[in-house]
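**Q** Just so it is clear, I am handing over model17.txt, which has compact mmCIF, C-alpha atoms.
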```
# COMPACT_ATOMS: atom_id res chain seq x y z
CA MET A 1 -131.41 -234.96 -111.34
CA ILE A 2 -133.73 -232.02 -110.83
CA PRO A 3 -133.38 -229.46 -113.65
CA LEU A 4 -131.93 -226.12 -112.65
CA ALA A 5 -135.11 -224.40 -113.86
CA GLU A 6 -137.12 -226.18 -111.15
CA ILE A 7 -134.59 -225.26 -108.48
CA THR A 8 -134.61 -221.65 -109.68
CA ALA A 9 -138.42 -221.49 -109.62
CA ALA A 10 -138.57 -222.89 -106.09
CA THR A 11 -135.88 -220.45 -104.99
CA ARG A 12 -137.80 -217.55 -106.53
CA ASP A 13 -140.90 -218.58 -104.55
CA LEU A 14 -138.91 -218.90 -101.34
CA LEU A 15 -137.32 -215.49 -101.85
CA ALA A 16 -140.70 -213.88 -102.51
CA THR A 17 -141.83 -215.15 -99.12
CA ALA A 18 -138.57 -214.28 -97.35
CA GLU A 19 -138.63 -210.73 -98.69
CA ARG A 20 -142.06 -210.16 -97.11
CA LEU A 21 -140.74 -211.04 -93.66
CA ASP A 22 -139.60 -208.33 -91.26
CA ASP A 23 -137.14 -208.69 -88.39
CA THR A 24 -139.87 -209.76 -85.96
CA ALA A 25 -141.18 -212.40 -88.37
CA VAL A 26 -137.77 -214.02 -88.95
CA ARG A 27 -137.32 -214.41 -85.20
CA ALA A 28 -140.69 -216.18 -84.87
CA PRO A 29 -140.79 -219.95 -84.53
CA SER A 30 -140.85 -222.00 -87.72
CA LEU A 31 -142.65 -225.32 -88.09
CA LEU A 32 -139.35 -227.04 -87.22
CA PRO A 33 -139.04 -227.58 -83.47
CA GLY A 34 -136.46 -225.26 -81.92
CA TRP A 35 -135.83 -223.31 -85.12
CA THR A 36 -136.94 -219.81 -86.01
CA ARG A 37 -137.60 -218.75 -89.58
CA GLY A 38 -134.12 -217.21 -89.45
CA HIS A 39 -132.69 -220.67 -88.76
CA VAL A 40 -134.56 -222.09 -91.75
CA LEU A 41 -133.40 -219.35 -94.11
CA THR A 42 -129.80 -219.67 -92.91
CA HIS A 43 -130.00 -223.44 -93.33
CA VAL A 44 -131.24 -223.04 -96.92
CA ALA A 45 -128.34 -220.69 -97.72
CA ARG A 46 -125.70 -222.89 -96.11
CA ASN A 47 -127.18 -225.97 -97.81
CA ALA A 48 -126.85 -224.20 -101.17
CA ASP A 49 -123.22 -223.45 -100.33
CA GLY A 50 -122.70 -227.11 -99.41
CA GLY A 51 -124.23 -228.17 -102.72
CA THR A 52 -121.95 -225.70 -104.51
CA ARG A 53 -118.93 -227.31 -102.85
CA LEU A 54 -120.08 -230.78 -103.95
CA LEU A 55 -120.65 -229.61 -107.53
CA THR A 56 -117.21 -228.03 -107.55
CA TRP A 57 -115.67 -231.28 -106.30
CA ALA A 58 -117.43 -233.23 -109.05
CA ARG A 59 -116.35 -230.71 -111.68
CA THR A 60 -112.72 -230.29 -110.60
CA GLY A 61 -111.91 -233.53 -108.82
CA VAL A 62 -110.62 -231.52 -105.84
CA GLU A 63 -112.28 -232.88 -102.70
CA SER A 64 -114.52 -230.36 -100.97
CA GLN A 65 -116.93 -231.73 -98.37
CA GLU A 66 -120.47 -230.39 -98.18
CA TYR A 67 -119.74 -229.18 -94.62
CA PRO A 68 -116.50 -229.29 -92.63
CA SER A 69 -118.42 -231.22 -89.92
CA LEU A 70 -121.91 -231.58 -88.50
CA GLU A 71 -120.83 -229.34 -85.64
CA ALA A 72 -119.65 -226.63 -88.05
CA ARG A 73 -122.93 -226.90 -89.95
CA ALA A 74 -124.94 -226.45 -86.76
CA ALA A 75 -122.77 -223.52 -85.65
CA GLU A 76 -123.14 -221.73 -89.00
CA ILE A 77 -126.91 -222.06 -88.83
CA GLU A 78 -127.06 -220.89 -85.23
CA ASP A 79 -124.69 -217.98 -85.86
CA GLY A 80 -126.65 -216.80 -88.90
CA ALA A 81 -130.19 -217.22 -87.59
CA GLY A 82 -130.40 -213.94 -85.68
CA ARG A 83 -129.49 -211.63 -88.55
CA PRO A 84 -131.92 -209.00 -89.85
CA ALA A 85 -134.57 -210.17 -92.31
CA ARG A 86 -132.97 -208.29 -95.20
CA ALA A 87 -129.58 -209.94 -94.57
CA LEU A 88 -131.19 -213.39 -94.42
CA ALA A 89 -132.97 -212.91 -97.74
CA GLU A 90 -129.80 -211.55 -99.38
CA ASP A 91 -127.84 -214.53 -98.07
CA VAL A 92 -130.31 -216.98 -99.60
CA ARG A 93 -130.29 -215.04 -102.89
CA ASP A 94 -126.47 -214.92 -103.05
CA ALA A 95 -126.02 -218.58 -102.09
CA ALA A 96 -128.61 -219.61 -104.69
CA ALA A 97 -126.76 -217.63 -107.35
CA ARG A 98 -123.47 -219.35 -106.45
CA PHE A 99 -125.20 -222.73 -106.64
CA ALA A 100 -126.78 -221.93 -110.01
CA ASP A 101 -123.40 -220.82 -111.37
CA ALA A 102 -121.73 -224.04 -110.17
CA PHE A 103 -124.60 -226.10 -111.61
CA GLU A 104 -124.31 -224.41 -115.02
CA ARG A 105 -120.54 -224.94 -115.11
CA MET A 106 -120.88 -228.72 -114.76
CA PRO A 107 -119.67 -230.57 -117.86
CA ASP A 108 -121.68 -233.67 -118.77
CA GLU A 109 -119.01 -236.09 -117.57
CA ALA A 110 -118.85 -234.47 -114.12
CA TRP A 111 -122.43 -235.57 -113.37
CA GLU A 112 -121.15 -239.17 -113.35
CA ARG A 113 -118.43 -238.55 -110.75
CA THR A 114 -118.92 -239.79 -107.22
CA VAL A 115 -118.62 -237.35 -104.33
CA GLN A 116 -119.31 -237.93 -100.65
CA TRP A 117 -122.55 -236.35 -99.47
```
Starting from the coordinates I provided, produce the structure as structure tokens.

**A**
Amino acid sequence: MIPLAEITAATRDLLATAERLDDTAVRAPSLLPGWTRGHVLTHVARNADGGTRLLTWARTGVESQEYPSLEARAAEIEDGAGRPARALAEDVRDAAARFADAFERMPDEAWERTVQW
């Protein structure tokens, strides 16, 4: 398991970069074929939300899939990609905070529970 401190540091670095991007820059192509930087930032935020759902499942025992479906995942990324740069950065920041909160709430025994990724 990666310690939360490492995840937080990587998130801080990502946010520092994201906050320097303007609306034109987030609509520019990323290094991922067919994705803009807005797609990448939205993916990171939705992935954090998916991780939060899995942590919650492990903690509570109430099943909560990472994503409702692959189609829903793709639609969320596509729908969010065209937002303004400021909204994209805020989304990543807020999703990361939710993930960190869920991570910190995990009791030791929950880390041993099996969830479906």

**Q** What does the structure give for the distance between atom CA of Pro68 of chain A and atom CA of Arg53 of chain A, in Å to one decimal?

**A**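 One can read the atom CA of Pro68 of chain A to atom CA of Arg53 of chain A distance as 10.7 Å.
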
**Q** Need to verify the contact set: Ser30 of chain A, 12 Å, all atoms listed in the file, exclusion of same-chain residues closer than 4 positions in sequence. Can you return it as a PyMOL selection string?

**A** chain A and resi 25-26+34-41+81

**Q** Which residue out of A:Glu109, A:Ala16, A:Phe99, A:Ala10 has the minimum interatomic distance to Thr56 of chain A when all atoms listed in the file are used?

**A** A:Phe99

**Q** Give me, please, the distance in Å between atom CA of Gly82 of chain A and atom CA of Ala45 of chain A, quoted to one decimal.

**A**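 Computed distance, atom CA of Gly82 of chain A to atom CA of Ala45 of chain A, equals 14.0 Å.
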
**Q** Give me, as a list in words, all polymer residues having an atom no more than 10 Å from Trp111 of chain A, counting only C-alpha atoms and skipping those fewer than 3 positions away in the same chain.

**A** Met1, Leu55, Ala58, Arg59, Phe103, Met106, Pro107, Asp108, Thr114 and Val115 of chain A

**Q** Given the choices A:Ser69, A:Thr24, A:Ser64, A:Thr42, which gets closest to Asp91 of chain A if the distance is worked out from only C-alpha atoms?

**A**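 Closest to Asp91 of chain A of all the choices is A:Thr42.
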
**Q** Can you measure atom CA of His43 of chain A to atom CA of Asp94 of chain A for me? One decimal in Å is fine.

**A**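 Taking atom CA of His43 of chain A and atom CA of Asp94 of chain A, their separation equals 13.4 Å.
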
**Q** Using all atoms listed in the file, determine which residues lie at most 8 Å from Pro84 of chain A, disregarding the query and same-chain residues fewer than 4 positions distant; provide the list as a list in words.

**A**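 Neighbouring residues, sequence-local ones excluded: Asp22, Asp23, Val26 and Leu88 of chain A.
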
**Q** Could you work out an axis-aligned box for segment 41-44 of chain A, taking every atom the file lists and adding 3 Å on each side, and report centre and edge lengths in Å to one decimal, as lines of an AutoDock Vina configuration file?

**A**
```
center_x = -131.6
center_y = -221.4
center_z = -94.9
size_x = 9.6
size_y = 10.1
size_z = 10.0
```

**Q** For Thr52 of chain A, list every protein, DNA or RNA residue within 10 Å, evaluated using all atoms listed in the file, and leave out those in the same chain fewer than 5 positions away; present the list as a VMD selection string.

**A** chain A and resid 46 to 47 57 to 58 64 to 66 95 to 103

**Q** Please produce an output containing C-alpha atoms for each residue in the selection, written as a short mmCIF file (atom, residue, chain, number, x, y, z; two decimals), in the coordinates of the input.

**A**
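So selection-v4.cif came out as:
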```
data_model
loop_
_atom_site.label_atom_id
_atom_site.label_comp_id
_atom_site.auth_asym_id
_atom_site.auth_seq_id
_atom_site.Cartn_x
_atom_site.Cartn_y
_atom_site.Cartn_z
CA ARG A 46 -125.70 -222.89 -96.11
CA ASN A 47 -127.18 -225.97 -97.81
CA TRP A 57 -115.67 -231.28 -106.30
CA ALA A 58 -117.43 -233.23 -109.05
CA SER A 64 -114.52 -230.36 -100.97
CA GLN A 65 -116.93 -231.73 -98.37
CA GLU A 66 -120.47 -230.39 -98.18
CA ALA A 95 -126.02 -218.58 -102.09
CA ALA A 96 -128.61 -219.61 -104.69
CA ALA A 97 -126.76 -217.63 -107.35
CA ARG A 98 -123.47 -219.35 -106.45
CA PHE A 99 -125.20 -222.73 -106.64
CA ALA A 100 -126.78 -221.93 -110.01
CA ASP A 101 -123.40 -220.82 -111.37
CA ALA A 102 -121.73 -224.04 -110.17
CA PHE A 103 -124.60 -226.10 -111.61
#
```

**Q** Using only C-alpha atoms, which of A:Gly50, A:Pro29, A:Gly61, A:Pro3 sits nearest Glu112 of chain A?

**A**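 Distance minimum relative to Glu112 of chain A lands on A:Gly61.
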
**Q** So, counting all atoms listed in the file, which residue among A:Ala85, A:Leu54, A:Ala110, A:Ile2 is closest to Arg27 of chain A?

**A**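 For Arg27 of chain A, the nearest of the candidates is A:Ala85.
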
**Q** Which is closer to Gly80 of chain A than all the others in A:Asp13, A:Glu63, A:Arg113, A:Val44, using all atoms listed in the file?

**A**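 Of all the options, A:Val44 lies closest to Gly80 of chain A.
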
**Q** My list of candidates is A:Glu19, A:Ala75, A:Thr60, A:Ile7. Which is closest to Arg105 of chain A when distances are computed with only C-alpha atoms?

**A**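 Checking each of A:Glu19, A:Ala75, A:Thr60, A:Ile7 against Arg105 of chain A, counting only C-alpha atoms, the winner is A:Thr60.
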
**Q** Reconstruct all heavy atoms of segment 104-115 of chain A; output as a compact mmCIF listing (two decimals), keeping the file's coordinate frame.

**A**
```txt
# COMPACT_ATOMS: atom_id res chain seq x y z
N GLU A 104 -124.45 -224.69 -113.58
CA GLU A 104 -124.31 -224.41 -115.02
C GLU A 104 -122.92 -224.71 -115.55
O GLU A 104 -122.76 -224.99 -116.74
CB GLU A 104 -124.69 -222.95 -115.30
CG GLU A 104 -126.17 -222.70 -115.13
CD GLU A 104 -126.56 -221.25 -115.24
OE1 GLU A 104 -125.67 -220.36 -115.13
OE2 GLU A 104 -127.76 -220.98 -115.43
N ARG A 105 -121.92 -224.68 -114.69
CA ARG A 105 -120.54 -224.94 -115.11
C ARG A 105 -120.21 -226.42 -115.19
O ARG A 105 -119.12 -226.78 -115.64
CB ARG A 105 -119.58 -224.25 -114.14
CG ARG A 105 -119.71 -222.73 -114.19
CD ARG A 105 -118.81 -222.04 -113.20
NE ARG A 105 -117.42 -222.31 -113.54
CZ ARG A 105 -116.40 -222.12 -112.72
NH1 ARG A 105 -116.60 -221.67 -111.50
NH2 ARG A 105 -115.17 -222.37 -113.11
N MET A 106 -121.14 -227.28 -114.78
CA MET A 106 -120.88 -228.72 -114.76
C MET A 106 -120.84 -229.29 -116.17
O MET A 106 -121.83 -229.25 -116.89
CB MET A 106 -121.96 -229.44 -113.96
CG MET A 106 -121.91 -229.21 -112.47
SD MET A 106 -120.57 -230.09 -111.68
CE MET A 106 -121.19 -231.76 -111.77
N PRO A 107 -119.70 -229.87 -116.57
CA PRO A 107 -119.67 -230.57 -117.86
C PRO A 107 -120.41 -231.90 -117.71
O PRO A 107 -120.56 -232.43 -116.61
CB PRO A 107 -118.18 -230.78 -118.12
CG PRO A 107 -117.54 -230.72 -116.78
CD PRO A 107 -118.40 -229.84 -115.92
N ASP A 108 -120.89 -232.43 -118.81
CA ASP A 108 -121.68 -233.67 -118.77
C ASP A 108 -121.00 -234.78 -117.99
O ASP A 108 -121.63 -235.46 -117.19
CB ASP A 108 -122.00 -234.14 -120.19
CG ASP A 108 -123.00 -233.23 -120.89
OD1 ASP A 108 -123.70 -232.46 -120.21
OD2 ASP A 108 -123.06 -233.29 -122.13
N GLU A 109 -119.71 -234.97 -118.22
CA GLU A 109 -119.01 -236.09 -117.57
C GLU A 109 -118.91 -235.93 -116.05
O GLU A 109 -118.83 -236.91 -115.31
CB GLU A 109 -117.62 -236.30 -118.18
CG GLU A 109 -116.61 -235.20 -117.90
CD GLU A 109 -116.66 -234.04 -118.88
OE1 GLU A 109 -117.57 -233.97 -119.75
OE2 GLU A 109 -115.80 -233.16 -118.77
N ALA A 110 -118.96 -234.70 -115.57
CA ALA A 110 -118.85 -234.47 -114.12
C ALA A 110 -120.07 -235.00 -113.36
O ALA A 110 -119.97 -235.34 -112.19
CB ALA A 110 -118.65 -232.99 -113.83
N TRP A 111 -121.21 -235.07 -114.04
CA TRP A 111 -122.43 -235.57 -113.37
C TRP A 111 -122.29 -237.05 -113.01
O TRP A 111 -123.04 -237.55 -112.18
CB TRP A 111 -123.65 -235.34 -114.25
CG TRP A 111 -124.01 -233.91 -114.37
CD1 TRP A 111 -123.87 -233.11 -115.46
CD2 TRP A 111 -124.56 -233.07 -113.33
NE1 TRP A 111 -124.30 -231.83 -115.17
CE2 TRP A 111 -124.74 -231.78 -113.88
CE3 TRP A 111 -124.93 -233.29 -112.01
CZ2 TRP A 111 -125.24 -230.73 -113.14
CZ3 TRP A 111 -125.45 -232.24 -111.28
CH2 TRP A 111 -125.60 -230.96 -111.84
N GLU A 112 -121.35 -237.74 -113.62
CA GLU A 112 -121.15 -239.17 -113.35
C GLU A 112 -120.14 -239.42 -112.24
O GLU A 112 -119.98 -240.55 -111.79
CB GLU A 112 -120.68 -239.88 -114.63
CG GLU A 112 -121.67 -239.77 -115.78
CD GLU A 112 -123.03 -240.39 -115.44
OE1 GLU A 112 -123.06 -241.45 -114.78
OE2 GLU A 112 -124.05 -239.80 -115.83
N ARG A 113 -119.44 -238.39 -111.80
CA ARG A 113 -118.43 -238.55 -110.75
C ARG A 113 -119.07 -238.73 -109.39
O ARG A 113 -120.10 -238.14 -109.10
CB ARG A 113 -117.48 -237.36 -110.75
CG ARG A 113 -116.68 -237.28 -112.02
CD ARG A 113 -115.58 -236.24 -111.92
NE ARG A 113 -114.89 -236.18 -113.20
CZ ARG A 113 -114.73 -235.08 -113.91
NH1 ARG A 113 -115.15 -233.92 -113.45
NH2 ARG A 113 -114.10 -235.13 -115.07
N THR A 114 -118.43 -239.52 -108.56
CA THR A 114 -118.92 -239.79 -107.22
C THR A 114 -118.27 -238.84 -106.23
O THR A 114 -117.05 -238.71 -106.21
CB THR A 114 -118.62 -241.25 -106.80
OG1 THR A 114 -119.24 -242.11 -107.76
CG2 THR A 114 -119.15 -241.55 -105.42
N VAL A 115 -119.09 -238.18 -105.43
CA VAL A 115 -118.62 -237.35 -104.33
C VAL A 115 -119.30 -237.85 -103.07
O VAL A 115 -120.29 -238.57 -103.13
CB VAL A 115 -118.91 -235.85 -104.56
CG1 VAL A 115 -118.20 -235.34 -105.80
CG2 VAL A 115 -120.40 -235.58 -104.65
```
